[in-house]
file query_27.tsv (TSV, C-alpha atoms)
chain	number	residue	atom	x	y	z
A	92	MET	CA	0.00	0.00	0.00
A	93	ILE	CA	1.37	3.39	-1.02
A	94	GLY	CA	0.24	6.13	1.35
A	95	TYR	CA	-0.50	5.96	5.07
A	96	SER	CA	-2.62	8.96	6.03
A	97	PHE	CA	-6.43	9.18	5.99
A	98	MET	CA	-7.12	6.73	3.14
A	99	GLY	CA	-4.16	4.60	4.13
A	100	ARG	CA	-5.69	4.08	7.55
A	101	ALA	CA	-9.07	3.16	6.06
A	102	HIS	CA	-7.57	0.72	3.58
A	103	SER	CA	-5.35	-0.83	6.26
A	104	GLN	CA	-8.42	-1.46	8.38
A	105	ALA	CA	-10.03	-3.20	5.40
A	106	TRP	CA	-7.06	-5.44	4.71
A	107	ARG	CA	-6.92	-6.35	8.42
A	108	THR	CA	-10.58	-7.37	8.63
A	109	VAL	CA	-11.53	-8.76	5.20
A	110	SER	CA	-10.37	-12.32	5.85
A	111	SER	CA	-12.14	-12.54	9.21
A	112	ALA	CA	-15.42	-11.27	7.76
A	113	PHE	CA	-15.50	-13.01	4.38
A	114	ASP	CA	-14.45	-16.29	2.81
A	115	VAL	CA	-11.74	-14.90	0.53
A	116	PRO	CA	-8.24	-15.88	-0.59
A	117	ALA	CA	-5.62	-15.32	2.09
A	118	VAL	CA	-4.01	-11.90	1.98
A	119	ALA	CA	-0.91	-10.60	3.78
A	120	ARG	CA	-0.06	-6.95	4.49
A	121	ARG	CA	3.51	-7.00	3.21
A	122	VAL	CA	4.74	-3.43	2.78
A	123	ILE	CA	3.45	0.09	3.43
A	124	VAL	CA	5.20	2.86	1.52
A	125	GLY	CA	5.65	6.56	2.29
A	126	ARG	CA	8.19	9.28	1.61
A	127	ASP	CA	8.99	10.09	5.25
A	128	GLU	CA	11.03	7.28	6.84
A	129	THR	CA	10.07	8.10	10.43
A	130	ALA	CA	6.38	8.60	9.72
A	131	VAL	CA	5.95	5.51	7.55
A	132	ALA	CA	7.84	3.37	10.07
A	133	GLU	CA	5.45	4.50	12.78
A	134	ALA	CA	2.45	3.88	10.50
A	135	SER	CA	3.69	0.41	9.65
A	136	GLY	CA	3.59	-0.68	13.28
A	137	ARG	CA	0.37	1.14	14.13
A	138	LEU	CA	-1.55	-0.12	11.09
A	139	GLY	CA	-0.24	-3.68	11.17
A	140	TRP	CA	2.06	-3.97	8.17
A	141	GLU	CA	5.02	-6.35	8.07
A	142	GLU	CA	7.48	-3.86	6.58
A	143	HIS	CA	7.79	-0.26	5.48
A	144	ALA	CA	9.62	1.37	2.58
A	145	THR	CA	10.20	4.80	1.08
A	146	ASP	CA	10.70	3.81	-2.57
A	147	TRP	CA	7.55	2.49	-4.26
A	148	ARG	CA	9.46	1.62	-7.43
A	149	ALA	CA	11.61	-0.93	-5.59
A	150	VAL	CA	8.48	-2.55	-4.17
A	151	LEU	CA	7.19	-3.26	-7.69
A	152	ASP	CA	10.14	-5.58	-8.30
A	153	ARG	CA	9.19	-7.93	-5.46
A	154	ASP	CA	7.75	-11.33	-6.37
A	155	ASP	CA	5.93	-11.66	-3.04
A	156	ILE	CA	3.66	-8.68	-3.78
A	157	ASP	CA	0.61	-9.14	-6.01
A	158	ILE	CA	-1.54	-6.07	-5.29
A	159	ILE	CA	-0.58	-2.40	-5.24
A	160	ASP	CA	-3.07	-0.27	-3.29
A	161	ILE	CA	-2.68	3.43	-4.17
A	162	CYS	CA	-3.77	5.86	-1.42
A	163	THR	CA	-1.71	8.89	-2.48
A	164	PRO	CA	-2.70	12.39	-3.65
A	165	GLY	CA	-4.12	12.36	-7.17
A	166	SER	CA	-1.00	13.82	-8.74
A	167	LEU	CA	0.80	10.50	-8.17
A	168	HIS	CA	-1.95	8.10	-9.29
A	169	ALA	CA	-1.02	7.87	-12.98
A	170	GLU	CA	2.70	7.28	-12.56
A	171	ILE	CA	2.31	4.65	-9.85
A	172	ALA	CA	-0.65	2.82	-11.38
A	173	ILE	CA	0.86	2.56	-14.85
A	174	ALA	CA	4.20	1.33	-13.47
A	175	ALA	CA	2.46	-1.20	-11.21
A	176	LEU	CA	0.35	-2.59	-14.05
A	177	GLU	CA	3.39	-2.85	-16.30
A	178	ALA	CA	5.13	-4.73	-13.49
A	179	GLY	CA	2.36	-7.34	-13.56
A	180	LYS	CA	0.56	-6.30	-10.37
A	181	HIS	CA	-3.14	-5.95	-9.68
A	182	VAL	CA	-3.98	-2.36	-8.75
A	183	LEU	CA	-6.54	-0.71	-6.50
A	184	CYS	CA	-6.49	3.06	-6.96
A	185	GLU	CA	-8.38	5.55	-4.84
A	186	LYS	CA	-10.77	7.94	-6.56
A	187	PRO	CA	-10.78	10.09	-8.55
A	188	LEU	CA	-8.73	8.09	-11.01
A	189	ALA	CA	-6.51	11.00	-12.09
A	190	ASN	CA	-6.14	14.76	-12.04
A	191	ASP	CA	-7.24	15.23	-15.65
A	192	THR	CA	-8.54	13.34	-18.68
A	193	ALA	CA	-5.13	12.90	-20.32
A	194	GLU	CA	-3.77	11.07	-17.25
A	195	ALA	CA	-6.95	8.98	-17.00
A	196	GLU	CA	-6.64	7.97	-20.66
A	197	ALA	CA	-3.06	6.80	-20.15
A	198	MET	CA	-4.08	4.82	-17.06
A	199	THR	CA	-7.01	3.22	-18.88
A	200	GLU	CA	-4.77	2.21	-21.78
A	201	ALA	CA	-2.41	0.53	-19.33
A	202	ALA	CA	-5.37	-1.17	-17.60
A	203	THR	CA	-6.67	-2.53	-20.92
A	204	ALA	CA	-3.28	-4.05	-21.71
A	205	ALA	CA	-3.04	-5.49	-18.20
A	206	ALA	CA	-6.52	-7.04	-18.44
A	207	ALA	CA	-5.31	-9.11	-21.38
A	208	ARG	CA	-2.68	-10.54	-19.01
A	209	GLY	CA	-5.30	-11.36	-16.37
A	210	GLN	CA	-4.68	-8.36	-14.10
A	211	ILE	CA	-7.35	-6.32	-12.30
A	212	ALA	CA	-7.25	-2.50	-12.36
A	213	ALA	CA	-9.80	-1.48	-9.74
A	214	LEU	CA	-11.05	1.97	-8.82
A	215	GLY	CA	-12.02	2.69	-5.23
A	216	PHE	CA	-15.46	4.30	-5.26
A	217	THR	CA	-16.11	2.71	-1.90
A	218	TYR	CA	-19.64	4.02	-1.38
A	219	ARG	CA	-20.84	1.48	-3.93
A	220	ARG	CA	-20.12	-1.04	-1.16
A	221	VAL	CA	-22.31	0.64	1.48
A	222	PRO	CA	-25.05	-2.01	1.92
A	223	ALA	CA	-27.91	0.52	1.75
A	224	LEU	CA	-26.62	1.93	-1.55
A	225	ALA	CA	-25.98	-1.57	-2.89
A	226	LEU	CA	-29.60	-2.36	-2.02
A	227	ALA	CA	-30.70	0.81	-3.83
A	228	ARG	CA	-28.91	-0.45	-6.94
A	229	GLN	CA	-30.73	-3.79	-6.66
A	230	LEU	CA	-34.11	-2.07	-6.38
A	231	VAL	CA	-33.42	0.01	-9.48
A	232	GLU	CA	-32.17	-3.00	-11.45
A	233	SER	CA	-35.27	-5.00	-10.51
A	234	GLY	CA	-37.52	-2.26	-11.88
A	235	ARG	CA	-39.04	-1.13	-8.58
A	236	LEU	CA	-38.61	2.55	-9.54
A	237	GLY	CA	-39.78	2.14	-13.14
A	238	THR	CA	-38.24	4.68	-15.49
A	239	ILE	CA	-36.02	7.11	-13.61
A	240	ARG	CA	-36.84	10.70	-14.50
A	241	GLN	CA	-34.82	12.71	-12.00
A	242	ALA	CA	-31.82	12.19	-9.75
A	243	LYS	CA	-30.20	14.41	-7.16
A	244	ALA	CA	-26.96	13.99	-5.27
A	245	ALA	CA	-25.39	16.39	-2.78
A	246	TYR	CA	-22.19	15.85	-0.86
A	247	LEU	CA	-21.70	18.47	1.84
A	248	GLN	CA	-18.92	18.79	4.40
A	249	ASP	CA	-17.78	21.64	6.65
A	250	TRP	CA	-14.14	20.89	7.44
A	251	LEU	CA	-13.06	24.03	5.56
A	252	ALA	CA	-15.80	26.33	6.87
A	253	ASP	CA	-13.30	28.12	9.12
A	254	PRO	CA	-11.30	30.51	6.89
A	255	GLU	CA	-8.30	29.99	9.18
A	256	SER	CA	-8.15	26.26	8.43
A	257	PRO	CA	-4.63	25.72	7.10
A	258	MET	CA	-3.50	24.88	3.59
A	259	SER	CA	-3.07	21.25	2.61
A	260	TRP	CA	-2.36	19.29	-0.57
A	261	ARG	CA	-6.11	19.09	-1.17
A	262	LEU	CA	-6.20	22.87	-1.71
A	263	ARG	CA	-3.43	22.99	-4.32
A	264	LYS	CA	-4.26	22.29	-7.95
A	265	GLU	CA	-0.87	20.76	-8.70
A	266	THR	CA	-1.46	17.93	-6.19
A	267	ALA	CA	-5.26	17.61	-6.02
A	268	GLY	CA	-6.27	18.53	-9.57
A	269	SER	CA	-9.46	20.14	-8.28
A	270	GLY	CA	-11.10	20.76	-4.93
A	271	ALA	CA	-14.56	19.67	-3.84
A	272	LEU	CA	-15.21	18.73	-7.46
A	273	GLY	CA	-12.71	15.87	-7.64
A	274	ASP	CA	-12.76	15.05	-3.95
A	275	ILE	CA	-16.48	14.61	-3.33
A	276	ALA	CA	-18.42	15.47	-6.52
A	277	SER	CA	-16.72	12.42	-8.00
A	278	HIS	CA	-18.59	10.30	-5.41
A	279	ALA	CA	-21.89	12.07	-6.07
A	280	ILE	CA	-21.65	11.70	-9.84
A	281	ASP	CA	-20.52	8.08	-9.57
A	282	GLN	CA	-23.58	7.30	-7.45
A	283	ILE	CA	-25.91	8.95	-9.95
A	284	GLN	CA	-24.44	7.04	-12.89
A	285	HIS	CA	-24.09	3.75	-11.00
A	286	LEU	CA	-27.54	3.72	-9.43
A	287	THR	CA	-29.42	4.87	-12.51
A	288	GLY	CA	-27.35	2.82	-14.94
A	289	GLN	CA	-27.14	5.92	-17.12
A	290	ARG	CA	-24.14	7.99	-18.26
A	291	ALA	CA	-23.90	11.76	-18.53
A	292	THR	CA	-24.06	13.09	-22.09
A	293	ALA	CA	-24.12	16.84	-21.40
A	294	VAL	CA	-23.09	18.99	-18.44
A	295	ARG	CA	-23.61	22.50	-17.12
A	296	GLY	CA	-21.58	23.52	-14.09
A	297	ARG	CA	-20.29	26.26	-11.83
A	298	LEU	CA	-17.39	26.33	-9.38
A	299	ALA	CA	-16.64	28.66	-6.48
A	300	THR	CA	-13.61	29.31	-4.29
A	301	LEU	CA	-15.23	30.88	-1.26
A	302	VAL	CA	-12.01	31.45	0.73
A	303	PRO	CA	-9.30	32.51	-1.76
A	304	GLN	CA	-6.33	32.17	0.59
A	305	ARG	CA	-5.45	30.24	3.72
A	306	PRO	CA	-2.60	30.07	6.22
A	307	GLY	CA	0.36	28.25	4.71
A	308	PRO	CA	3.71	27.20	6.19
A	309	ASP	CA	5.29	30.46	4.99
A	310	GLY	CA	2.32	32.79	5.41
A	311	PRO	CA	-0.93	33.29	3.48
A	312	GLU	CA	-1.19	31.05	0.42
A	313	ALA	CA	-3.59	31.20	-2.51
A	314	VAL	CA	-6.18	28.42	-2.74
A	315	THR	CA	-6.02	27.19	-6.34
A	316	VAL	CA	-8.98	24.80	-6.35
A	317	ASP	CA	-12.73	25.09	-5.82
A	318	ASP	CA	-14.43	25.01	-2.43
A	319	ALA	CA	-17.87	24.18	-3.87
A	320	ALA	CA	-19.41	23.07	-7.16
A	321	TRP	CA	-22.83	22.76	-8.78
A	322	ALA	CA	-23.79	20.87	-11.92
A	323	THR	CA	-26.73	19.68	-13.99
A	324	LEU	CA	-26.25	16.44	-15.90
A	325	GLU	CA	-28.24	15.16	-18.86
A	326	LEU	CA	-28.17	11.35	-18.81
A	327	ASP	CA	-28.34	9.00	-21.79
A	328	GLY	CA	-31.49	7.30	-20.45
A	329	GLY	CA	-33.40	10.57	-20.47
A	330	ALA	CA	-33.08	11.47	-16.80
A	331	ILE	CA	-31.86	14.84	-15.53
A	332	ALA	CA	-29.59	14.93	-12.49
A	333	SER	CA	-28.45	17.73	-10.22
A	334	VAL	CA	-25.23	17.73	-8.20
A	335	GLU	CA	-24.19	20.03	-5.36
A	336	VAL	CA	-21.00	19.68	-3.34
A	337	SER	CA	-19.20	21.80	-0.78
A	338	ARG	CA	-16.49	21.48	1.83
A	339	MET	CA	-17.75	24.67	3.51
A	340	ALA	CA	-21.36	23.73	4.32
A	341	THR	CA	-21.53	24.64	8.00
A	342	GLY	CA	-22.95	21.81	10.09
A	343	ALA	CA	-22.67	19.14	7.40
A	344	LYS	CA	-20.07	16.62	8.51
A	345	ASN	CA	-20.10	13.96	5.80
A	346	ARG	CA	-23.54	14.29	4.24
A	347	LEU	CA	-23.79	12.44	0.95
A	348	THR	CA	-27.48	12.43	0.03
A	349	VAL	CA	-28.87	10.67	-3.00
A	350	GLU	CA	-32.43	10.90	-4.31
A	351	LEU	CA	-33.94	9.02	-7.26
A	352	TYR	CA	-37.42	9.66	-8.66
A	353	GLY	CA	-39.00	7.20	-11.10
A	354	THR	CA	-42.38	6.46	-12.64
A	355	ASP	CA	-43.07	3.65	-10.14
A	356	GLY	CA	-41.16	4.70	-7.04
A	357	ALA	CA	-38.51	6.78	-5.37
A	358	LEU	CA	-35.45	6.34	-3.14
A	359	ARG	CA	-33.44	8.53	-0.81
A	360	PHE	CA	-30.27	7.95	1.21
A	361	ASP	CA	-28.11	9.98	3.60
A	362	LEU	CA	-24.59	8.83	4.45
A	363	GLU	CA	-24.89	10.39	7.91
A	364	ASN	CA	-27.48	7.62	8.54
A	365	PRO	CA	-25.70	4.92	6.54
A	366	ASN	CA	-27.82	1.94	7.57
A	367	GLU	CA	-31.09	3.48	6.34
A	368	LEU	CA	-32.64	3.51	2.88
A	369	TRP	CA	-35.97	5.22	2.30
A	370	PHE	CA	-38.20	3.72	-0.41
A	371	LEU	CA	-41.55	4.83	-1.81
A	372	ASP	CA	-43.65	2.37	-3.83
A	373	ALA	CA	-45.75	4.49	-6.19
A	374	THR	CA	-47.63	1.43	-7.48
A	375	LEU	CA	-49.59	1.25	-4.22
A	376	PRO	CA	-52.92	3.04	-3.88
A	377	ILE	CA	-52.32	6.73	-3.22
A	378	ALA	CA	-53.82	6.42	0.27
A	379	GLU	CA	-51.09	3.89	1.17
A	380	GLN	CA	-48.10	5.64	-0.37
A	381	GLY	CA	-45.27	7.19	1.62
A	382	PHE	CA	-41.57	6.75	2.17
A	383	SER	CA	-40.76	3.64	4.22
A	384	ARG	CA	-37.58	3.31	6.25
A	385	VAL	CA	-35.59	0.16	5.46
A	386	LEU	CA	-33.02	-0.66	8.13
A	387	VAL	CA	-30.36	-2.34	6.00
A	388	THR	CA	-28.99	-4.77	8.57
A	389	GLU	CA	-30.57	-8.08	7.57
A	390	PRO	CA	-28.54	-11.09	6.39
A	391	GLU	CA	-30.48	-10.89	3.11
A	392	HIS	CA	-29.08	-7.43	2.40
A	393	PRO	CA	-25.87	-6.93	0.36
A	394	TYR	CA	-22.68	-7.89	2.26
A	395	LEU	CA	-24.56	-8.35	5.55
A	396	GLU	CA	-24.19	-12.14	5.58
A	397	ALA	CA	-20.59	-11.60	6.72
A	398	TRP	CA	-21.14	-9.15	9.54
A	399	TRP	CA	-23.31	-9.02	12.68
A	400	PRO	CA	-26.71	-10.37	13.75
A	401	GLN	CA	-29.71	-8.60	12.25
A	402	GLY	CA	-30.32	-5.12	13.56
A	403	HIS	CA	-26.66	-4.53	14.42
A	404	VAL	CA	-25.51	-1.52	12.42
A	405	LEU	CA	-22.38	-1.14	10.30
A	406	GLY	CA	-20.07	1.86	10.10
A	407	TRP	CA	-18.28	3.87	7.43
A	408	GLU	CA	-15.20	1.64	7.55
A	409	ASN	CA	-17.07	-1.58	6.72
A	410	ALA	CA	-17.55	-0.50	3.11
A	411	PHE	CA	-13.77	-0.65	2.66
A	412	SER	CA	-13.73	-4.27	3.86
A	413	ASN	CA	-16.56	-5.03	1.44
A	414	GLN	CA	-14.49	-3.44	-1.32
A	415	ALA	CA	-11.44	-5.52	-0.45
A	416	ARG	CA	-13.64	-8.62	-0.53
A	417	ASP	CA	-14.88	-7.83	-4.03
A	418	LEU	CA	-11.34	-7.19	-5.29
A	419	LEU	CA	-9.97	-10.44	-3.86
A	420	LEU	CA	-12.82	-12.46	-5.37
A	421	ALA	CA	-12.22	-10.79	-8.73
A	422	ILE	CA	-8.53	-11.69	-8.59
A	423	ASP	CA	-9.54	-15.24	-7.65
A	424	GLY	CA	-11.77	-15.38	-10.72
A	425	THR	CA	-15.01	-15.97	-8.83
A	426	ALA	CA	-16.52	-12.49	-9.30
A	427	GLU	CA	-16.16	-9.36	-11.37
A	428	TYR	CA	-15.01	-6.01	-9.99
A	429	SER	CA	-16.55	-2.66	-10.84
A	430	PRO	CA	-15.72	0.19	-11.27
A	431	GLY	CA	-12.58	-0.10	-13.31
A	432	PHE	CA	-10.27	2.44	-14.86
A	433	ALA	CA	-12.52	2.91	-17.90
A	434	ASP	CA	-15.29	4.01	-15.53
A	435	GLY	CA	-12.85	6.41	-13.90
A	436	LEU	CA	-11.96	7.86	-17.30
A	437	ALA	CA	-15.64	8.39	-18.16
A	438	LEU	CA	-16.18	10.16	-14.83
A	439	GLN	CA	-13.05	12.29	-15.26
A	440	LYS	CA	-14.49	13.54	-18.55
A	441	VAL	CA	-17.59	14.67	-16.65
A	442	LEU	CA	-15.45	16.48	-14.07
A	443	ASP	CA	-13.41	18.18	-16.79
A	444	ALA	CA	-16.63	19.15	-18.59
A	445	ILE	CA	-17.89	20.85	-15.41
A	446	ILE	CA	-14.62	22.80	-15.25
A	447	ALA	CA	-15.00	23.76	-18.93
A	448	SER	CA	-18.62	24.79	-18.42
A	449	ASP	CA	-17.68	27.02	-15.51
A	450	ALA	CA	-14.94	28.63	-17.59
A	451	ALA	CA	-17.56	29.26	-20.31
A	452	ASP	CA	-19.93	30.97	-17.84
A	453	GLY	CA	-22.18	27.93	-17.42
A	454	ARG	CA	-22.49	26.93	-21.07
A	455	THR	CA	-23.62	23.34	-21.74
A	456	ILE	CA	-20.71	21.03	-22.58
A	457	THR	CA	-21.54	17.91	-24.60
A	458	LEU	CA	-19.59	14.78	-23.76
call {"tool": "encode", "arguments": {"input": "query_27.tsv", "output": "structure tokens"}}
result
Amino acid sequence: MIGYSFMGRAHSQAWRTVSSAFDVPAVARRVIVGRDETAVAEASGRLGWEEHATDWRAVLDRDDIDIIDICTPGSLHAEIAIAALEAGKHVLCEKPLANDTAEAEAMTEAATAAAARGQIAALGFTYRRVPALALARQLVESGRLGTIRQAKAAYLQDWLADPESPMSWRLRKETAGSGALGDIASHAIDQIQHLTGQRATAVRGRLATLVPQRPGPDGPEAVTVDDAAWATLELDGGAIASVEVSRMATGAKNRLTVELYGTDGALRFDLENPNELWFLDATLPIAEQGFSRVLVTEPEHPYLEAWWPQGHVLGWENAFSNQARDLLLAIDGTAEYSPGFADGLALQKVLDAIIASDAADGRTITL
């Protein structure tokens, strides 16, 4: 695993727990990689890795390593992923796939070549593995919503609401590519496309940097990415979707909300209540209609057969274990993994179209 901070911790937790929760091929946590020798050594012991290293290129030469898990800033995704695939490794890369479409295209080309050799190039849109959202996908696929007409996704956080919050790599374009757009709008758009089964064909979008500078290590530093973004997506199945994201929405901690409205029903979900899915069956008599709360904790629900007795809730981190399970089964040849790098490329084109639309004062950009 390359990277040991926020996502590195989450992925380490997943690799620690996946074999105890699921019947999967055995997996060992061989090496964790980071640039700072002292910090990565400490992380290795704390997160339960056998070894640590500071040179990811040397790790690729090892025969005892089969999977490269990339948890770095986006600016490093392309170089590491392409090299890992060319070295014959399976790859799990955190979202978004890349910082721009050109990088994503190069990564997808490498993934296509690797697939011919039997390698998996997996993209980590982990919220697909939240059981309530996986159930939502099943309901849509089974036709319970009929034809989907409208979709709405908002991902709101407030960790940057304080203008004195310090600079970080996530606020610099050269490392992050974009701000709230790539960080959390990527999740919102992926959920819209995944749940509806439809792809965006045209985009209108606006971006805003609400705090233009923040305290840096050497004084005030310009913020070069967006703090918030809005977009309208036209989907190839005829639905219209709206997206709103912000990292400055006071009081919103990690609020990913998804709403789907179809001819025969509707769904809504809020990540701050991750075990609940709300479903409305519009085929019932009008006097009986209304949103019903589904507590997604039953063994019959997606992934729940591996966890706790019915009624016992799961947390945010369990989706990462579910993701690791799906990847290991795909490598073993007993399941397929989605999304892949081609999905990441398609989503990156949507993100870049939103940037282009904002630069053109909100003009519609056709994909």
call {"tool": "closest_residue", "arguments": {"input": "query_27.tsv", "among": "A:Ile456, A:Met339, A:Ala276, A:Leu230", "to": "A:Leu358", "atoms": "all atoms listed in the file"}}
result
A:Leu230
call {"tool": "closest_residue", "arguments": {"input": "query_27.tsv", "among": "A:Asn364, A:Thr354, A:Gln210, A:Ser111", "to": "A:Ile158", "atoms": "all atoms listed in the file"}}
result
A:Gln210
call {"tool": "atom_distance", "arguments": {"input": "query_27.tsv", "atom1": "atom CA of A:Glu177", "atom2": "atom CA of A:Ile161"}}
result
14.9 Å
call {"tool": "residues_around", "arguments": {"input": "query_27.tsv", "residues": "stretch 372-389 of chain A", "least_positions_apart": "2", "cutoff": "9 Å", "atoms": "all atoms listed in the file", "output": "VMD selection string"}}
result
chain A and resid 222 to 223 226 235 to 236 353 to 359 365 to 370 391 to 393 395 to 396 399 to 405
call {"tool": "closest_residue", "arguments": {"input": "query_27.tsv", "among": "A:Ala195, A:Ala451, A:Leu224, A:Leu418", "to": "A:Gly296", "atoms": "all atoms listed in the file"}}
result
A:Ala451
call {"tool": "closest_residue", "arguments": {"input": "query_27.tsv", "among": "A:Leu176, A:Ala330, A:Ile123, A:Val349", "to": "A:Asp146", "atoms": "all atoms listed in the file"}}
result
A:Ile123
call {"tool": "closest_residue", "arguments": {"input": "query_27.tsv", "among": "A:Ala205, A:Ala130, A:Ala447, A:Leu251", "to": "A:Asp318", "atoms": "all atoms listed in the file"}}
result
A:Leu251
call {"tool": "closest_residue", "arguments": {"input": "query_27.tsv", "among": "A:Glu200, A:Glu232, A:Glu142, A:Glu325", "to": "A:Thr455", "atoms": "only C-alpha atoms"}}
result
A:Glu325
call {"tool": "residues_around", "arguments": {"input": "query_27.tsv", "residues": "A:Phe113", "least_positions_apart": "3", "cutoff": "12 Å", "atoms": "all atoms listed in the file", "output": "list in words"}}
result
Ala105, Trp106, Arg107, Thr108, Val109, Ser110, Pro116, Ala117, Val118, Tyr394, Leu395, Glu396, Ala397, Trp398, Asn409, Ser412, Asn413, Gln414, Ala415, Arg416, Asp417, Leu419 and Leu420 of chain A
call {"tool": "residues_around", "arguments": {"input": "query_27.tsv", "residues": "A:Leu167", "least_positions_apart": "2", "cutoff": "12 Å", "atoms": "all atoms listed in the file", "output": "mmCIF file with C-alpha atoms, in the coordinates of the input"}}
result
data_model
loop_
_atom_site.group_PDB
_atom_site.id
_atom_site.type_symbol
_atom_site.label_atom_id
_atom_site.label_comp_id
_atom_site.auth_asym_id
_atom_site.auth_seq_id
_atom_site.Cartn_x
_atom_site.Cartn_y
_atom_site.Cartn_z
ATOM 1 C CA ILE A 93 1.370 3.390 -1.020
ATOM 2 C CA GLY A 94 0.240 6.130 1.350
ATOM 3 C CA TRP A 147 7.550 2.490 -4.260
ATOM 4 C CA ILE A 161 -2.680 3.430 -4.170
ATOM 5 C CA CYS A 162 -3.770 5.860 -1.420
ATOM 6 C CA THR A 163 -1.710 8.890 -2.480
ATOM 7 C CA PRO A 164 -2.700 12.390 -3.650
ATOM 8 C CA GLY A 165 -4.120 12.360 -7.170
ATOM 9 C CA ALA A 169 -1.020 7.870 -12.980
ATOM 10 C CA GLU A 170 2.700 7.280 -12.560
ATOM 11 C CA ILE A 171 2.310 4.650 -9.850
ATOM 12 C CA ALA A 172 -0.650 2.820 -11.380
ATOM 13 C CA ILE A 173 0.860 2.560 -14.850
ATOM 14 C CA ALA A 174 4.200 1.330 -13.470
ATOM 15 C CA CYS A 184 -6.490 3.060 -6.960
ATOM 16 C CA GLU A 185 -8.380 5.550 -4.840
ATOM 17 C CA LYS A 186 -10.770 7.940 -6.560
ATOM 18 C CA PRO A 187 -10.780 10.090 -8.550
ATOM 19 C CA LEU A 188 -8.730 8.090 -11.010
ATOM 20 C CA ALA A 189 -6.510 11.000 -12.090
ATOM 21 C CA ASN A 190 -6.140 14.760 -12.040
ATOM 22 C CA ASP A 191 -7.240 15.230 -15.650
ATOM 23 C CA GLU A 194 -3.770 11.070 -17.250
ATOM 24 C CA ALA A 195 -6.950 8.980 -17.000
ATOM 25 C CA MET A 198 -4.080 4.820 -17.060
ATOM 26 C CA GLU A 265 -0.870 20.760 -8.700
ATOM 27 C CA THR A 266 -1.460 17.930 -6.190
ATOM 28 C CA ALA A 267 -5.260 17.610 -6.020
ATOM 29 C CA GLY A 268 -6.270 18.530 -9.570
#
call {"tool": "residues_around", "arguments": {"input": "query_27.tsv", "residues": "A:Gly328", "least_positions_apart": "4", "cutoff": "10 Å", "atoms": "all atoms listed in the file", "output": "VMD selection string"}}
result
chain A and resid 238 to 240 287 to 292
call {"tool": "residues_around", "arguments": {"input": "query_27.tsv", "residues": "A:Arg295", "least_positions_apart": "5", "cutoff": "7 Å", "atoms": "all atoms listed in the file", "output": "list in words"}}
result
Ala322, Thr323, Leu324, Ile445, Ser448, Gly453, Arg454, Thr455 and Ile456 of chain A
call {"tool": "atom_distance", "arguments": {"input": "query_27.tsv", "atom1": "atom CA of A:Leu371", "atom2": "atom CA of A:His278"}}
result
23.9 Å
call {"tool": "axis_aligned_box", "arguments": {"input": "query_27.tsv", "around": "stretch 175-188 of chain A", "padding_each_side": "3 Å", "output": "AutoDock Vina command-line options"}}
result
--center_x -2.8 --center_y 1.4 --center_z -10.6 --size_x 21.9 --size_y 23.4 --size_z 17.5
call {"tool": "atom_distance", "arguments": {"input": "query_27.tsv", "atom1": "atom CA of A:Ser333", "atom2": "atom CA of A:Gln284"}}
result
11.7 Å
